[in-house]
Each structure stands twice: as C-alpha cells, then as structure tokens.
Amino acid sequence: MSVLVEAHGLGKSYPRVFRRSDRFRSLCSLLAGRASGEVTPVLQGIDLCVPRGQSLGLIGDNGAGKSTLLKLLTGVLTPTHGSVRVNGRVGALLELGAGFHPEYTGRDNIAMAATLQGFSADDLAARLADIVAFADIGRYIDEPVKHYSSGMVVRLGFAIVAATRPDLLITDEVLAVGDESFQKKCIRWMEDYLEQGGTLILVSHSMYHIQKLCRQALWLREGRMQASGDVFEVTQAYLAHHERKSAADEARARDLDAVRGLEFHVRAMRVNGEEAETLPAVEQGAALTVEATIASRDGRVPVVNVGFARADGTPVYGVSSDMDGVQPAPLPDGDFRIVLHIAELPLLPASYTIRVHPLDSEGLRLFDTVERTLTVKGRSSESGLVRLAHVWEHAAPLSRSRGE
Amino acid sequence: MLALAFQLARRDLRSRYLGSFSGGAWALLQPLVQLAVYAFVFGYIFRQRLPGADAPGYVPFLVVVMWPWTAFAEAVSRGTTAIQDNASLIGKVALPRAALVLAPVMASFAIHGIGFLGLLLVMLLAGAGLAPAGLALMLPALALLFLFALGLALLLSALQVFVRDIAPALPQILMLWMFLSPVFYGRYVMPEWVRPWFDLNPMTGFAEYLRYALLNMPAPGLRAMACSVGAVVLVLALGLFAFRRLQRHFEDFL
C-alpha cells in the first residue's frame, strides 16, 4: 500500500506579537533568514503515516490542535517544525464557507474552487451539473453566497469536493451544520468514496461518526499525540478520559480509620483475581469475577451489594446477595467472603466502575464502599451501555459490506 | 498559478465594474475625467508656467504617459494590500500566494490597457499626429512597466503584512512620484542643471520612451533607459526574494 500522507515531527508555533515593535523586529529577522523570536507552540511532534485507502479520525478537546493539524496537512498553513508530504490531490472542507467569497454567486465560487483544485475550464464545465445537483440548493446557486444559510454553504462546499473526487478528503466538524438528510447523503457519499479506495481524514466530536467511517484514530491533547492506533481503542480511551474527568469531582477518598469502626467494612476486593485499583482491560463478552471479603465487627453475616456504573457515574446494574437468596460464607478468621461470577460480560466497550458495599444483615443500612475501575475493550460500534441479547428475524444477509 | 491569477483577476474586474451602475465604462471614464482635469489645469490655468502646454499636442502628450502611469500606480497600490485583503483566504485555502498579488496587477494593466488602446486608436483616427508604428514599439516598455509594478507589489505586499504603515503612506508617495516624473511636463521645461538628475528616476525612461515611440519626440538617453531597466530588474529580484522569504509566515502575522 502506498503512503498518501506522511508527517515527521510536525509542529506549528505562532509568534508572540504584542508590541508594535515586535512586528518590525520579526520582519527583520525573517528577512535575514532567522526564526522570529518568541513563539507559542500549538502543535508539536506529530508523526503521521496514512496509507492510501486508509481512513483516520482525529479526536481531541477544543484547542487540542486538530484544526491546525488539518491545515498543515492541506498546506493552508506552513509548518514551523518538521515536514509533511501528501502524494495526491487534497480536497478539504475545513471551515464553514472557507474559500467562498460572499459577494459572488454560487456558480462563481464553484468556478473559483475548481481553479484552486487545479481543474481546467473544460473539466469544470463537465462537472458543473453534478455539483449543482449534489448541492441541491435550487435557485440559490445563482445568488451571492452571502444570502446563503450556513447549511447551504456546507452543501455547496461538499458538492464541490464530491465532484472533484480528491485522493485525500479532509473534513473538519463542518458537516454537523447540514440537515439530517444532507448529513446522511454526505455519510453515504463518504462510505462510497472509502469503498472505492478513497482516503479520509476526519475531525469529529461524534465518536459514532469516527467509528463508522475510520479505522485508525489519533487523539490530540494539548498539541501533542496522546494516543494513536485502532479507532476503537483510541476512541474508548478518549471517552474514558472524559468520563473520569467528569466523575473525578464526585470521587471521595475512603477514610480507612473511620471505616474500621463500623459494623462491617470491606477487607479486600478482587476483580478477576487482581487487587489493583485500575484493572487490566477486559474484552467485551469475557468472564468477570468480583470477590469481596467483608470484615464483621460483631460476627453477624453481611449482605453484599455489587454495583456497576459507567465511569461518569451513570448506574448500569446493581445486585445484592440477599436478592438472589444467598449470603457470604464465613472464613476461618471470622471474615466473610462471596464471589460474584459473570460468565459473559455484556458491557459495551467503555470505562466502568465496579463498587462493592457491605450492608447489614437485613440489607437496609449501607456501610462501606470500595470501587475499582474497569475498562472494557472491543470493536463493537453498538451504542449504549450493555448489549441486550437479541436476534434479528425476517432478515437477509447484508449485501453491501465495507471492503474489509 | 497563472490560471488561478487569471481567475482572480477576472473576478476582481467583474466585482469592481459589473457591480457598479455604470459598469465597465467607469474604468474608462475615470482616467478620462482625470485627463480633462489635468488638461484644463495645466493646459489652461498654468499655461504660462508650462511652456508648450497650450499647444494642441498637449492632450496626446499627456495621454501616452498618463494611462500607463495610472495602470502602474493602481497595480502597485492594489497589489500592496492584496495579501492583507485576502487574509481570510490565506488561513483557509491552500493556494499559491503570489497569485493573490499577481491578480490585481494583471487586472489593473488589463483594464487600463484596454482604455489606453481605445484612446490611442481614437487619436490615430482623429489625426493627432500619432505614429502607427509606435503601437508596436511601446509594447516592450509596457511589459517592463508591468514587471516593475509586479516586483514592487510583491515586495510591498509582503512587507505590508508585517508593517502596516506602507499602504496608508503609498498614495502620497505615488502622488509625489508622479509629479517628480515627466508625466505632465517634459524634462526640457526644467532648469538646465536639474535635467540630468531626471535620469535617476526610473519613470523618466518609461515616459520619454513612450513619447519617443508614439509621438516621435526625442528619445531618452542611454543612461535614463539603463536606469529604468536596472530598476525593474532590481525591484523584481528584491520583490521575489522578500516574498519567498516571508510568504510562509504570512498567516502568523495577518
């Protein structure tokens, strides 16, 4: 497979220009062929290799440098460090209406965009009808772009890209502006394009779109590469990071001394035999055992509750031993132990928290909480929390498959 | 890049003249009004000060230099702000940046070139003493003037991105330059000791050559011509150098 996009040590910095004299000083040093003084880095050390036919999703928080990276790849910006090489024609949808002149009509802007893409007048004439049909904005095609709604601008932009069929398609979060039917049309076009060997680099905050369209993902964080690789692993790590971030505010440290004085407390908790707070990732559908050892002050038998919650705190499932008519069995040293076994974990890939609570013998008062973080990995693009057991009926095999 | 510059120039001309009520006529009308004003001021009011200005040949004398000058001045001043004016394009679309400067220079020379040609043909038919062979002879001078304007526009547009004082100062400088060049007058009206200094102004060579070619007036000396050609080469080289050096940093300073 030939390499379409290659970047080594790519970085971009902006000069710090505050005073009027700064601009003049920068000018002098740049003319002399030197660097321009103090800079603010926005992107550093990006290594990238996208083979032809591959698709890459870029994810990251606002300000992480995603758009800057795209602009470096398209050649809109020139890199401060490193190099980037693209062996093909690039079509880019970067910002809403970028490259469109508001005073000119849709047709004029199509002509301009085609020239920028390197198409001759004949090529353009041959494709104009296609573009107009794809954009589907009716009589607005002959009106100045300044009269367009933002959705129409995106329609026109996408129509041009679609008609020029670039080797590499780069899109930023612009498609979100289009209406439902147009978004679907775009997704369908992109799937079609990928199937025919097109290459895509996509920025989106919708993990659904990223997972649907991309096989590889790159997570940018504060201008650096946080993770890259298989789309499912990277997006799950990214989502887990966010879920933990929002849950972190609520997390409280467990006060061991206070807990010891209680009627019951958790002496040990093991998940799949591990006692660590953060467990090794578990495959979706794998077996899971949660083992709880409870210390009882007065020798009474506790009820044990095990709860599963997503890392952001959304409860998924909770069950107590007494609900199932069992209780922990005593150990020689006076503690009680019970093991919960789940044969096939139905949790969808994401990050979860498993909690163990001892309750009094009546199952009414809750005494202690110990939790573990569990990451479930997998390639599923189902949405939600758990996989519900299901079968499809009255269904035929899928005729169109993405060329795996 | 050339195709892109053509497209940009075409678009520029269309928006400038088609959007206005009078359309393309305005491009011709404006220098005509200017010509009328100058002909009136210099040919009538100041005729004592400007020997020969009241002669019937003063209008052709003015036309053959004023039109190229107008094209040149407009090309330089529009080219200078080209990068700054297209800041929105530079941060968003990948395109050869020199095309943005080339476009207004081409547009200015195109629109005023057409006006110039039309006016010359009218004068030729009206029998204003124009040399028909001059129409071909003037072409190298106009081509050099175009390159001169392009070089200056490249240089100034690159500098303008960093130091914004250039564009506001430019109209005054161009005005001063116009009056220091033999546009409204011939070098011969100046005192004897000043005349050799005119050779140092690159515009002198252009003006005198155009009058030599079209009106059979005395040819400029070798020194004036050398100065003009030298200035074009120097400015073009300087403009290309500065533009190449600075263009990758435009987006950081716009």
# chains A, B, ... in the order shown; residues from 1 in each chain; ligands from 1
call {"tool": "interface_residues", "arguments": {"of": "chain A", "to": "chain B", "cutoff": "7 Å", "atoms": "only C-alpha atoms", "output": "list in words"}}
result
Tyr14, Pro15, Arg23, Phe24, Leu27, Leu30, Leu31, Thr74, Gly75, Val76, Leu77, Thr78, Ala98, Gly99, Met112, Thr115 and Leu116 of chain A
call {"tool": "write_last_selection", "arguments": {"atoms": "all heavy atoms", "output": "short mmCIF file (atom, residue, chain, number, x, y, z; two decimals), in the first residue's frame"}}
result
data_model
loop_
_atom_site.label_atom_id
_atom_site.label_comp_id
_atom_site.auth_asym_id
_atom_site.auth_seq_id
_atom_site.Cartn_x
_atom_site.Cartn_y
_atom_site.Cartn_z
N TYR A 14 3.01 29.84 16.86
CA TYR A 14 2.69 31.20 16.44
C TYR A 14 3.59 32.17 17.18
O TYR A 14 3.86 31.98 18.36
CB TYR A 14 1.23 31.51 16.72
CG TYR A 14 0.31 30.86 15.74
CD1 TYR A 14 -0.42 29.73 16.07
CD2 TYR A 14 0.21 31.36 14.45
CE1 TYR A 14 -1.23 29.11 15.15
CE2 TYR A 14 -0.61 30.74 13.52
CZ TYR A 14 -1.33 29.63 13.88
OH TYR A 14 -2.12 29.02 12.97
N PRO A 15 4.06 33.19 16.47
CA PRO A 15 4.92 34.16 17.15
C PRO A 15 4.10 34.97 18.14
O PRO A 15 2.91 35.21 17.93
CB PRO A 15 5.42 35.03 16.00
CG PRO A 15 4.39 34.90 14.94
CD PRO A 15 3.82 33.53 15.08
N ARG A 23 6.52 43.37 15.55
CA ARG A 23 6.29 43.02 14.15
C ARG A 23 7.49 43.41 13.31
O ARG A 23 7.91 42.67 12.43
CB ARG A 23 5.05 43.74 13.63
CG ARG A 23 3.81 43.48 14.42
CD ARG A 23 2.65 44.20 13.76
NE ARG A 23 2.24 43.52 12.55
CZ ARG A 23 1.31 42.57 12.51
NH1 ARG A 23 0.70 42.23 13.60
NH2 ARG A 23 1.00 42.00 11.39
N PHE A 24 8.03 44.59 13.60
CA PHE A 24 9.14 45.07 12.81
C PHE A 24 10.37 44.20 13.04
O PHE A 24 11.08 43.83 12.11
CB PHE A 24 9.44 46.53 13.16
CG PHE A 24 10.40 47.17 12.22
CD1 PHE A 24 10.03 47.43 10.90
CD2 PHE A 24 11.68 47.49 12.63
CE1 PHE A 24 10.92 48.00 10.03
CE2 PHE A 24 12.58 48.06 11.75
CZ PHE A 24 12.20 48.33 10.45
N LEU A 27 10.00 40.98 11.26
CA LEU A 27 10.21 41.17 9.83
C LEU A 27 11.70 41.15 9.51
O LEU A 27 12.14 40.47 8.60
CB LEU A 27 9.59 42.49 9.38
CG LEU A 27 9.89 42.93 7.96
CD1 LEU A 27 9.35 41.93 6.97
CD2 LEU A 27 9.33 44.30 7.68
N LEU A 30 13.18 37.65 9.99
CA LEU A 30 12.73 36.71 8.96
C LEU A 30 13.39 37.00 7.62
O LEU A 30 13.77 36.09 6.90
CB LEU A 30 11.20 36.78 8.81
CG LEU A 30 10.39 36.16 9.93
CD1 LEU A 30 8.92 36.40 9.71
CD2 LEU A 30 10.68 34.68 10.03
N LEU A 31 13.54 38.29 7.31
CA LEU A 31 14.19 38.65 6.05
C LEU A 31 15.64 38.19 6.06
O LEU A 31 16.19 37.80 5.04
CB LEU A 31 14.13 40.17 5.85
CG LEU A 31 12.90 40.69 5.11
CD1 LEU A 31 12.93 42.19 5.02
CD2 LEU A 31 12.81 40.08 3.72
N THR A 74 -3.25 20.13 4.70
CA THR A 74 -3.76 20.62 3.42
C THR A 74 -2.83 21.65 2.81
O THR A 74 -3.03 22.03 1.66
CB THR A 74 -5.13 21.28 3.58
OG1 THR A 74 -5.06 22.18 4.68
CG2 THR A 74 -6.20 20.27 3.83
N GLY A 75 -1.86 22.13 3.59
CA GLY A 75 -0.97 23.14 3.03
C GLY A 75 -1.47 24.55 3.20
O GLY A 75 -0.90 25.49 2.66
N VAL A 76 -2.55 24.73 3.93
CA VAL A 76 -3.04 26.08 4.20
C VAL A 76 -2.06 26.80 5.11
O VAL A 76 -1.77 27.98 4.94
CB VAL A 76 -4.43 26.01 4.85
CG1 VAL A 76 -4.86 27.37 5.33
CG2 VAL A 76 -5.44 25.47 3.86
N LEU A 77 -1.53 26.08 6.08
CA LEU A 77 -0.52 26.63 6.96
C LEU A 77 0.83 25.97 6.64
O LEU A 77 0.86 24.83 6.20
CB LEU A 77 -0.86 26.37 8.42
CG LEU A 77 -2.14 27.02 8.96
CD1 LEU A 77 -2.33 26.65 10.41
CD2 LEU A 77 -2.07 28.52 8.81
N THR A 78 1.88 26.69 6.88
CA THR A 78 3.20 26.10 6.68
C THR A 78 3.75 25.69 8.04
O THR A 78 3.65 26.45 9.00
CB THR A 78 4.15 27.12 6.02
OG1 THR A 78 3.78 28.42 6.44
CG2 THR A 78 4.09 27.02 4.55
N ALA A 98 -15.14 28.44 3.98
CA ALA A 98 -13.76 28.84 3.70
C ALA A 98 -13.54 28.84 2.20
O ALA A 98 -13.88 27.89 1.52
CB ALA A 98 -12.79 27.89 4.38
N GLY A 99 -12.96 29.92 1.70
CA GLY A 99 -12.66 29.98 0.29
C GLY A 99 -13.80 30.50 -0.55
O GLY A 99 -13.63 30.79 -1.71
N MET A 112 -14.22 29.26 -9.01
CA MET A 112 -13.01 29.61 -8.27
C MET A 112 -12.44 28.38 -7.57
O MET A 112 -11.24 28.11 -7.63
CB MET A 112 -13.38 30.68 -7.24
CG MET A 112 -12.20 31.33 -6.60
SD MET A 112 -11.42 32.43 -7.77
CE MET A 112 -9.74 32.05 -7.44
N THR A 115 -10.79 26.04 -9.90
CA THR A 115 -9.47 26.53 -10.32
C THR A 115 -8.43 26.26 -9.24
O THR A 115 -7.31 25.85 -9.51
CB THR A 115 -9.51 28.03 -10.63
OG1 THR A 115 -10.67 28.30 -11.40
CG2 THR A 115 -8.29 28.46 -11.37
N LEU A 116 -8.85 26.49 -7.98
CA LEU A 116 -7.93 26.24 -6.87
C LEU A 116 -7.54 24.76 -6.81
O LEU A 116 -6.45 24.42 -6.40
CB LEU A 116 -8.59 26.63 -5.55
CG LEU A 116 -8.55 28.11 -5.20
CD1 LEU A 116 -9.44 28.40 -4.02
CD2 LEU A 116 -7.12 28.52 -4.91
#
call {"tool": "residues_around", "arguments": {"residues": "Met203 in chain B", "least_positions_apart": "5", "cutoff": "12 Å", "atoms": "only C-alpha atoms", "output": "number ranges by chain"}}
result
B: 65-66, 68-69, 72-73, 141-142, 144-145, 148-149, 174, 177-183, 187, 198, 208-210, 220, 224-232
call {"tool": "write_last_selection", "arguments": {"atoms": "N, CA and C atoms", "output": "mmCIF file, in the first residue's frame"}}
result
data_model
loop_
_atom_site.group_PDB
_atom_site.id
_atom_site.type_symbol
_atom_site.label_atom_id
_atom_site.label_comp_id
_atom_site.auth_asym_id
_atom_site.auth_seq_id
_atom_site.Cartn_x
_atom_site.Cartn_y
_atom_site.Cartn_z
ATOM 1 N N VAL B 65 1.484 59.019 -21.580
ATOM 2 C CA VAL B 65 2.200 58.665 -20.357
ATOM 3 C C VAL B 65 1.245 58.471 -19.185
ATOM 4 N N MET B 66 0.168 59.263 -19.187
ATOM 5 C CA MET B 66 -0.700 59.209 -18.016
ATOM 6 C C MET B 66 -1.400 57.865 -17.883
ATOM 7 N N PRO B 68 -0.430 54.716 -18.931
ATOM 8 C CA PRO B 68 0.467 53.705 -18.336
ATOM 9 C C PRO B 68 0.764 54.011 -16.866
ATOM 10 N N TRP B 69 0.935 55.272 -16.543
ATOM 11 C CA TRP B 69 1.210 55.605 -15.143
ATOM 12 C C TRP B 69 0.029 55.196 -14.251
ATOM 13 N N PHE B 72 0.081 51.588 -13.714
ATOM 14 C CA PHE B 72 1.188 51.237 -12.829
ATOM 15 C C PHE B 72 0.841 51.573 -11.368
ATOM 16 N N ALA B 73 0.380 52.793 -11.149
ATOM 17 C CA ALA B 73 0.117 53.240 -9.782
ATOM 18 C C ALA B 73 -0.994 52.402 -9.157
ATOM 19 N N ALA B 141 8.052 48.455 -23.563
ATOM 20 C CA ALA B 141 8.047 49.368 -22.421
ATOM 21 C C ALA B 141 6.906 49.024 -21.475
ATOM 22 N N LEU B 142 5.730 48.714 -22.046
ATOM 23 C CA LEU B 142 4.586 48.371 -21.195
ATOM 24 C C LEU B 142 4.844 47.060 -20.462
ATOM 25 N N LEU B 144 7.754 45.900 -19.541
ATOM 26 C CA LEU B 144 8.700 46.196 -18.456
ATOM 27 C C LEU B 144 7.997 46.906 -17.302
ATOM 28 N N LEU B 145 7.079 47.795 -17.662
ATOM 29 C CA LEU B 145 6.343 48.532 -16.623
ATOM 30 C C LEU B 145 5.499 47.571 -15.788
ATOM 31 N N PHE B 148 7.771 45.865 -13.461
ATOM 32 C CA PHE B 148 8.144 46.827 -12.428
ATOM 33 C C PHE B 148 7.049 46.873 -11.347
ATOM 34 N N ALA B 149 5.807 46.993 -11.817
ATOM 35 C CA ALA B 149 4.679 47.056 -10.881
ATOM 36 C C ALA B 149 4.568 45.760 -10.091
ATOM 37 N N LEU B 174 3.064 57.833 -4.159
ATOM 38 C CA LEU B 174 2.811 57.700 -5.594
ATOM 39 C C LEU B 174 2.502 59.056 -6.221
ATOM 40 N N TRP B 177 5.677 60.915 -6.535
ATOM 41 C CA TRP B 177 6.457 60.305 -7.617
ATOM 42 C C TRP B 177 5.940 60.766 -8.968
ATOM 43 N N MET B 178 4.616 60.837 -9.084
ATOM 44 C CA MET B 178 4.018 61.249 -10.354
ATOM 45 C C MET B 178 4.453 62.673 -10.714
ATOM 46 N N PHE B 179 4.434 63.556 -9.706
ATOM 47 C CA PHE B 179 4.790 64.935 -10.018
ATOM 48 C C PHE B 179 6.281 65.102 -10.246
ATOM 49 N N LEU B 180 7.079 64.211 -9.687
ATOM 50 C CA LEU B 180 8.523 64.276 -9.911
ATOM 51 C C LEU B 180 8.916 63.654 -11.241
ATOM 52 N N SER B 181 7.976 62.917 -11.862
ATOM 53 C CA SER B 181 8.276 62.274 -13.138
ATOM 54 C C SER B 181 7.724 63.133 -14.267
ATOM 55 N N PRO B 182 8.318 63.027 -15.422
ATOM 56 C CA PRO B 182 7.832 63.844 -16.540
ATOM 57 C C PRO B 182 6.534 63.296 -17.128
ATOM 58 N N VAL B 183 5.431 63.436 -16.331
ATOM 59 C CA VAL B 183 4.134 62.988 -16.813
ATOM 60 C C VAL B 183 3.386 64.166 -17.423
ATOM 61 N N ARG B 187 10.983 66.991 -19.699
ATOM 62 C CA ARG B 187 12.175 67.318 -18.926
ATOM 63 C C ARG B 187 12.732 68.700 -19.312
ATOM 64 N N PHE B 198 17.035 63.776 -13.684
ATOM 65 C CA PHE B 198 15.825 63.032 -14.042
ATOM 66 C C PHE B 198 16.144 61.602 -14.460
ATOM 67 N N GLU B 208 9.673 58.975 -21.387
ATOM 68 C CA GLU B 208 10.299 59.530 -22.595
ATOM 69 C C GLU B 208 10.323 58.511 -23.730
ATOM 70 N N TYR B 209 10.461 57.239 -23.366
ATOM 71 C CA TYR B 209 10.436 56.228 -24.421
ATOM 72 C C TYR B 209 9.061 56.157 -25.068
ATOM 73 N N LEU B 210 8.004 56.220 -24.235
ATOM 74 C CA LEU B 210 6.645 56.152 -24.773
ATOM 75 C C LEU B 210 6.383 57.336 -25.706
ATOM 76 N N PRO B 220 14.879 59.028 -25.018
ATOM 77 C CA PRO B 220 15.604 59.215 -23.767
ATOM 78 C C PRO B 220 17.043 58.758 -23.947
ATOM 79 N N ALA B 224 19.170 57.087 -18.927
ATOM 80 C CA ALA B 224 17.798 57.011 -18.401
ATOM 81 C C ALA B 224 17.212 55.625 -18.635
ATOM 82 N N MET B 225 17.460 55.087 -19.854
ATOM 83 C CA MET B 225 16.929 53.752 -20.172
ATOM 84 C C MET B 225 17.556 52.694 -19.273
ATOM 85 N N ALA B 226 18.875 52.817 -19.081
ATOM 86 C CA ALA B 226 19.581 51.849 -18.248
ATOM 87 C C ALA B 226 19.042 51.892 -16.828
ATOM 88 N N CYS B 227 18.762 53.110 -16.367
ATOM 89 C CA CYS B 227 18.215 53.281 -15.023
ATOM 90 C C CYS B 227 16.864 52.583 -14.900
ATOM 91 N N SER B 228 16.032 52.770 -15.936
ATOM 92 C CA SER B 228 14.696 52.156 -15.885
ATOM 93 C C SER B 228 14.806 50.637 -15.854
ATOM 94 N N VAL B 229 15.574 50.084 -16.809
ATOM 95 C CA VAL B 229 15.692 48.628 -16.888
ATOM 96 C C VAL B 229 16.336 48.078 -15.619
ATOM 97 N N GLY B 230 17.375 48.793 -15.157
ATOM 98 C CA GLY B 230 18.049 48.355 -13.928
ATOM 99 C C GLY B 230 17.097 48.321 -12.753
ATOM 100 N N ALA B 231 16.264 49.376 -12.651
ATOM 101 C CA ALA B 231 15.312 49.445 -11.535
ATOM 102 C C ALA B 231 14.331 48.285 -11.606
ATOM 103 N N VAL B 232 13.864 47.960 -12.821
ATOM 104 C CA VAL B 232 12.909 46.857 -12.968
ATOM 105 C C VAL B 232 13.539 45.556 -12.490
#
call {"tool": "select_by_dssp", "arguments": {"residues": "range 173-218 of chain B", "states": "alpha helix (DSSP H)", "output": "list in words"}}
result
Ile173, Leu174, Met175, Leu176, Trp177, Met178, Phe179, Leu180, Pro202, Met203, Thr204, Gly205, Phe206, Ala207, Glu208, Tyr209, Leu210, Arg211, Tyr212, Ala213, Leu214 and Leu215 of chain B
call {"tool": "select_by_dssp", "arguments": {"residues": "range 261-325 of chain A", "states": "strand (DSSP E or B)", "output": "NGL selection string"}}
result
:A and (264-271 or 274 or 278 or 282-283 or 288-296 or 303-310 or 315-320)
call {"tool": "residues_around", "arguments": {"residues": "Val84 in chain A", "least_positions_apart": "5", "cutoff": "12 Å", "atoms": "only C-alpha atoms", "output": "list in words"}}
result
Val3, Leu4, Val5, Glu6, Ala7, His8, Gly9, Leu10, Gly11, Lys12, Gly45, Ile46, Asp47, Leu48, Cys49, Val50, Leu69, Leu70, Lys71, Leu72, Leu73, Thr74, Gly75, Leu77, Thr78 and Pro79 of chain A
call {"tool": "atom_distance", "arguments": {"atom1": "CA of Met225 in chain A", "atom2": "CA of Gly60 in chain A"}}
result
9.6 Å
call {"tool": "residues_around", "arguments": {"residues": "Leu239 in chain A", "least_positions_apart": "6", "cutoff": "9 Å", "atoms": "only C-alpha atoms", "output": "VMD selection string"}}
result
chain A and resid 207 350 to 351
call {"tool": "write_last_selection", "arguments": {"atoms": "all heavy atoms", "output": "JSON list (two decimals), in the first residue's frame"}}
result
[["chain", "number", "residue", "atom", "x", "y", "z"],
["A", 207, "MET", "N", -18.14, 10.37, 18.26],
["A", 207, "MET", "CA", -17.40, 9.11, 18.18],
["A", 207, "MET", "C", -18.12, 8.13, 17.27],
["A", 207, "MET", "O", -17.52, 7.25, 16.67],
["A", 207, "MET", "CB", -17.24, 8.50, 19.58],
["A", 207, "MET", "CG", -16.37, 9.32, 20.49],
["A", 207, "MET", "SD", -14.76, 9.66, 19.79],
["A", 207, "MET", "CE", -14.65, 11.41, 20.03],
["A", 350, "ALA", "N", -16.11, 0.60, 27.04],
["A", 350, "ALA", "CA", -16.03, 1.92, 27.68],
["A", 350, "ALA", "C", -15.33, 1.70, 29.01],
["A", 350, "ALA", "O", -14.85, 0.60, 29.29],
["A", 350, "ALA", "CB", -17.41, 2.52, 27.91],
["A", 351, "SER", "N", -15.34, 2.70, 29.84],
["A", 351, "SER", "CA", -14.71, 2.58, 31.14],
["A", 351, "SER", "C", -15.82, 2.54, 32.21],
["A", 351, "SER", "O", -16.78, 3.29, 32.12],
["A", 351, "SER", "CB", -13.81, 3.77, 31.36],
["A", 351, "SER", "OG", -13.05, 3.58, 32.52]]
call {"tool": "closest_residue", "arguments": {"among": "A:Asp167, A:Asp142, A:Asp324, A:Glu371", "to": "Ala292 in chain A", "atoms": "only C-alpha atoms"}}
result
A:Glu371
